[in-house]
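To start, the structure under review is shown below, and the notes come after it.
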Amino acid sequence: MPTLTWPTFFARKGAGANRAKDRSQLRVGIPKVLNIWTTHQFWVGFLKALGIASENIVFSSDTSEEQGREFGKGRGTVDCCYPVKCISGHYGELIFGQKKKINILLSPMIHSLPSVLHGHVMDTVTCTRVMAGPENIKAGFMKERDVFAENEITYASPFVSLGDRHMVTEQLHRDLKDIFDLDLEETARAVQSGFQALDTFSAKARQRSREILTWCARNQKPCVLVLARPYHMDTGIGHEIEGELQAHGYPILWLQYLPDDPDLMNWLFEADIRAEKIKSPFDILDVWPSSYSSNTNEIMWGAKFAARCPWITCVVRLSSYECGMDQPTYTPTQKIVEATGTLFFKFGDLDSTKPSGSIRIRVETIVHYMAKYSEGVIRRKLGWLSPNSPLAELSPVTQSACFQMTRDAGVGDQRDSDPSRHRPDDVRCLP
Amino acid sequence: MRQLTTINQMPAPNHYVAYKPRPFKKEERGNVTILYGGLTWKHERLIQGAFHNLKYNAEPLPNIARDDLDAGKELIDVGACCPTIFTTGSLVNLLKKKVAEQGKSDVANKYVFLTAGACGPCRFGQYHESYAMALDGLGLRDFRIFLLAQDELDQSTADEAGLEINMPLSLGLIWGILCADLLTDLEYMTRPYEVNPGQTDRVLKKSIEYLYTIFLERPHQDNKYGTLAWHLLSGYFTRALRVVRKKWDTIEVDHLRVKTGVKITGEFWLQTHEGEGNYNIKRWLEQEDAEVIPPPVAVWLHYLLHPTIRKLEKRNSKGKHERLEHMALHALERIYRGTYNRFRKALANLPHELPDQEELLRLAEPFYHFELRGGEGHMLIGKALHTYHHKKAHMTCELSPYSCMPNTMSIGSMANVLGRYPDLLYAPIEVKGDSEVHALSRCQMILTEAKRRAKAEFEAALKKTGLTVEAVRKYEERHPELRRATYRVPHLGCAGTAANYVLHLANDRGLANGEGKPCLP
């Protein structure tokens, strides 16, 4: 028996199972699509906890027509909404477009999402297309031959309910154990790290939004809320419409990272809670009874937030071509926002091509209306809220002026059901 | 949460609130008619029997017409899928008619609309918003629409509710659906072979009317467990189905007609519907020499209650006796299949068996994860593969509404299936409601190849058995029972009825010249 085998011979049983597995050389590609836009920190935290080096976690680029043409051509299997259709280009870029090849293509099928509304709504499941998108896109890379195998890439598509944390370890262990050589214990640790990273990131982003609102409150300046799905943050899908507005000096908030601090929530929603229309600031039953879909729920809640928050004077709604989840929400969101005279603009049917000219023209229109009506909108909404703003101390003069203006305008009277009276044109701005 | 501060400001503004129907109270029951729809006229008639049995006034919506599409499009947000546009339009047109006859106030007080709700990720569960928009458009905000959860038998909340979704009602509705499914199966397997044109439709109508009286006269039980036990154990429905079988005995059929077997799958409403909502595609296929294998609603109900598949729905409601509950659900699933088979037996086992949900799951698994929710989930892929592997039909025609969210995903994934099984004949038909020629010609392309296969299969069966059409005809003259619609042609490995019939006569009835052999590999 060779001497070198002795340690193995006398080793404690099971010692091998506990040794750290070296995954530092594994390279994992993640398509930057759909709900990855709001869960990416989880995946980074999870993979890093498994020992995968940061530089070996590769996200695909933002969506672009070039990406689709170069890497996704001929891989489409069905006509559907652009945010799902464009995933072929992301897969292709990760397979064919990397100087240093990836070993694993990780494209999770996310069934439910972490949400600020969790516990206040019926469910937080994802859109059915978003959930099943990976199966559909995979088919385009396997219909003729197995492109993943040809490129020595392992395809990993775990089914995971990120909104139901108690299930995640088991789900990821079940679907990834053979690919990453995982045991249950280290999966649990990695999942914990993933959620920690995600929570820290979300808290920071929400804090940043609060700072923006605080600045708006102190300076009595308006800001814009973008009411959209997570993937509209992708410059190739949302077409940077909010960037154009920001260039005109208006701060931008995204509904996914609106602040959720109790003081602010109570201030905005206390009248509704007192009137027993809702049970908590995160309850959307008053506007959306079938609160199953996570992103739809948040869009509804964001619309309610915007309708009440004084410094959000304008809401920009983004919606992609053939978005089935957005379709039933078009009218309710507009009605929610406009009920308090808040400006509402919708960019619908967004597709692969960026309509730069028309975006610019519409942005100019938005800017015009914001300049003209924001001051009135802010004062009117302040008139409906308690003077104890958690964002900024308001002077008694401002409070009194807001109260007077709201009363004179006649809006807010419960008997007044004429929607035309709520239009910005009727708001009289104080000098 | 911080204690709320006192508000000393102006009254709150008129914030938007979602549509909420005022209650439908028990004392109104005698004066209010429940409107419902979404299935076939057969299902709706038997459901009406179940409602009438419990002293509800109930009326199905008229069958969908092309005009309903326009009426729906006018009143709801752009981009809805065609089943929603059609059903909303159908309700709108009916309400318009009723308003013209009775006035708005009477319509709002004397009718309520009952439709299925859903809690999945598909927007189907959110279409109450579309109905509410349509009511706004009609100036009928007072009209009441109620959503019925599909997966709970007992949803009774208050004793004074006008509509009590309790055990007698739920079981009446489900049993009505099962019986209508079985008769629909009989209808489609008989009509293509009927010798006297129109006879199947006439017998079908009589059978449904007879079953309506059976549901109308269903005996009442003392409590919900008694009701459940009676439905599961009583011979009341099987006796009635045996009477129906006798009615079908009178239909003469010719099983030697070579028909192309077309399995219909797709989105629930479109696949079930019979009418202009899906371009009358089932009748059109029959005109094109096809034998349609219709999709029973029972498969959907089976999917809804299957414990393995629906485990995810229970993820946040774990009870104390999880294992026991799981076993009970499995037992319930078996009882459900058993009941369906008991009814089939009363009809000489003619209607098709329900597919095994576990098998559908297993077949679809490499292509579509079974926990992916929305629409029919993995079932569409599972059914296409089940049809292919078991030679249940020559082709699968999947009816998918334009912009249907879950269907597009499984159609996309079918590319992977077709890569693996290139000889699987699959026709995904997108239905918009107003592009009939395009849809039917698309189906025609696949149907042409399926017809060729059906013919080749029949000829191969004759060749293998050494039989001729003339020999079979002579044999039929001596055995007239073979030409009855209730004569069961067993499935002997061929997709077509005619080929199976030849094999059956050769192998089981000893008509072959030589030893009976299986038809085709």
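Ordered as shown in the structure tokens, chains take letters A, B, and onward, while each chain numbers its residues from 1 and ligands are numbered from 1 in the order shown.
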
**Report entry** Test item: residues at most 10 Å from stretch 340-350 of chain B, only C-alpha atoms, excluding those fewer than 4 positions along its chain, as a count of residues only
**Finding:** 33

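Running DSSP on the backbone and keeping only alpha helix (DSSP H), the residues of stretch 7-86 of chain A that qualify are A:Pro7, A:Thr8, A:Phe9, A:Phe10, A:Ala15, A:Gly16, A:Ala17, A:Asn18, A:Ile36, A:Trp37, A:Thr38, A:Thr39, A:His40, A:Gln41, A:Phe42, A:Trp43, A:Val44, A:Gly45, A:Phe46, A:Leu47, A:Lys48, A:Ala49, A:Glu65, A:Glu66, A:Gln67, A:Tyr82, A:Pro83, A:Val84, A:Lys85.
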
**Report entry** 6 Å contacts from chain A to chain B using only C-alpha atoms, as an MDAnalysis selection string
**Finding:** chainID A and resid 77:78 127:129 136 139 142:144 286:287 290 293 325 336 339 384 386 412 414

Write the residues of the preceding selection, restricted to C-alpha atoms, as a short mmCIF file (atom, residue, chain, number, x, y, z; two decimals), in the first residue's frame.
data_model
loop_
_atom_site.label_atom_id
_atom_site.label_comp_id
_atom_site.auth_asym_id
_atom_site.auth_seq_id
_atom_site.Cartn_x
_atom_site.Cartn_y
_atom_site.Cartn_z
CA THR A 77 -40.21 30.06 -30.00
CA VAL A 78 -43.35 32.14 -29.61
CA CYS A 127 -46.50 36.91 -13.49
CA THR A 128 -47.12 33.58 -15.13
CA ARG A 129 -44.96 34.48 -18.14
CA ASN A 136 -39.81 28.87 -22.95
CA ALA A 139 -36.67 25.49 -25.67
CA MET A 142 -32.63 22.95 -27.35
CA LYS A 143 -35.15 22.53 -30.16
CA GLU A 144 -32.56 21.47 -32.75
CA ASP A 286 -59.89 49.01 -1.15
CA VAL A 287 -58.59 49.31 -4.70
CA SER A 290 -57.61 40.08 -6.06
CA SER A 293 -49.68 39.09 -8.13
CA MET A 325 -50.66 41.66 -16.09
CA ILE A 336 -56.23 56.13 -8.11
CA ALA A 339 -58.33 61.20 -7.72
CA TRP A 384 -55.57 66.74 3.43
CA SER A 386 -51.99 66.00 9.32
CA GLY A 412 -62.05 66.64 -0.97
CA GLN A 414 -67.11 63.62 -0.01
#

Report task. Once DSSP has gone over the backbone, tell me which residues of stretch 271-510 of chain B are in strand (DSSP E), as a PyMOL selection string. Result -> chain B and resi 290-293+395-401+426-431

Please save N, CA and C atoms of the selected residues as a short mmCIF file (atom, residue, chain, number, x, y, z; two decimals), in the first residue's frame.
data_model
loop_
_atom_site.label_atom_id
_atom_site.label_comp_id
_atom_site.auth_asym_id
_atom_site.auth_seq_id
_atom_site.Cartn_x
_atom_site.Cartn_y
_atom_site.Cartn_z
N ALA B 290 -62.88 14.76 -39.44
CA ALA B 290 -62.13 14.47 -38.21
C ALA B 290 -63.07 13.94 -37.13
N GLU B 291 -62.50 13.16 -36.23
CA GLU B 291 -63.23 12.81 -35.01
C GLU B 291 -62.55 13.61 -33.90
N VAL B 292 -63.31 14.52 -33.33
CA VAL B 292 -62.75 15.40 -32.30
C VAL B 292 -62.77 14.69 -30.96
N ILE B 293 -61.67 14.79 -30.25
CA ILE B 293 -61.64 14.29 -28.87
C ILE B 293 -61.68 15.52 -27.97
N MET B 395 -53.47 13.91 -34.18
CA MET B 395 -52.85 15.23 -33.98
C MET B 395 -53.47 15.92 -32.76
N THR B 396 -52.74 16.91 -32.27
CA THR B 396 -53.25 17.72 -31.16
C THR B 396 -53.45 19.14 -31.67
N CYS B 397 -54.62 19.66 -31.40
CA CYS B 397 -54.92 21.04 -31.80
C CYS B 397 -55.06 21.85 -30.50
N GLU B 398 -54.16 22.78 -30.30
CA GLU B 398 -54.18 23.55 -29.05
C GLU B 398 -54.76 24.94 -29.32
N LEU B 399 -55.85 25.24 -28.66
CA LEU B 399 -56.52 26.52 -28.87
C LEU B 399 -56.05 27.51 -27.82
N SER B 400 -55.43 28.54 -28.30
CA SER B 400 -54.83 29.50 -27.37
C SER B 400 -55.33 30.90 -27.69
N PRO B 401 -55.83 31.63 -26.71
CA PRO B 401 -56.29 32.98 -26.99
C PRO B 401 -55.12 33.90 -27.31
N TYR B 426 -48.76 18.71 -34.16
CA TYR B 426 -49.22 19.68 -33.16
C TYR B 426 -49.59 20.98 -33.86
N ALA B 427 -50.81 21.42 -33.66
CA ALA B 427 -51.27 22.66 -34.30
C ALA B 427 -51.70 23.67 -33.22
N PRO B 428 -50.79 24.58 -32.84
CA PRO B 428 -51.22 25.61 -31.90
C PRO B 428 -51.97 26.70 -32.65
N ILE B 429 -53.21 26.93 -32.29
CA ILE B 429 -54.03 27.90 -33.01
C ILE B 429 -54.29 29.11 -32.12
N GLU B 430 -53.85 30.25 -32.56
CA GLU B 430 -54.10 31.47 -31.80
C GLU B 430 -55.47 32.02 -32.20
N VAL B 431 -56.30 32.24 -31.20
CA VAL B 431 -57.67 32.69 -31.49
C VAL B 431 -57.84 34.12 -31.02
#
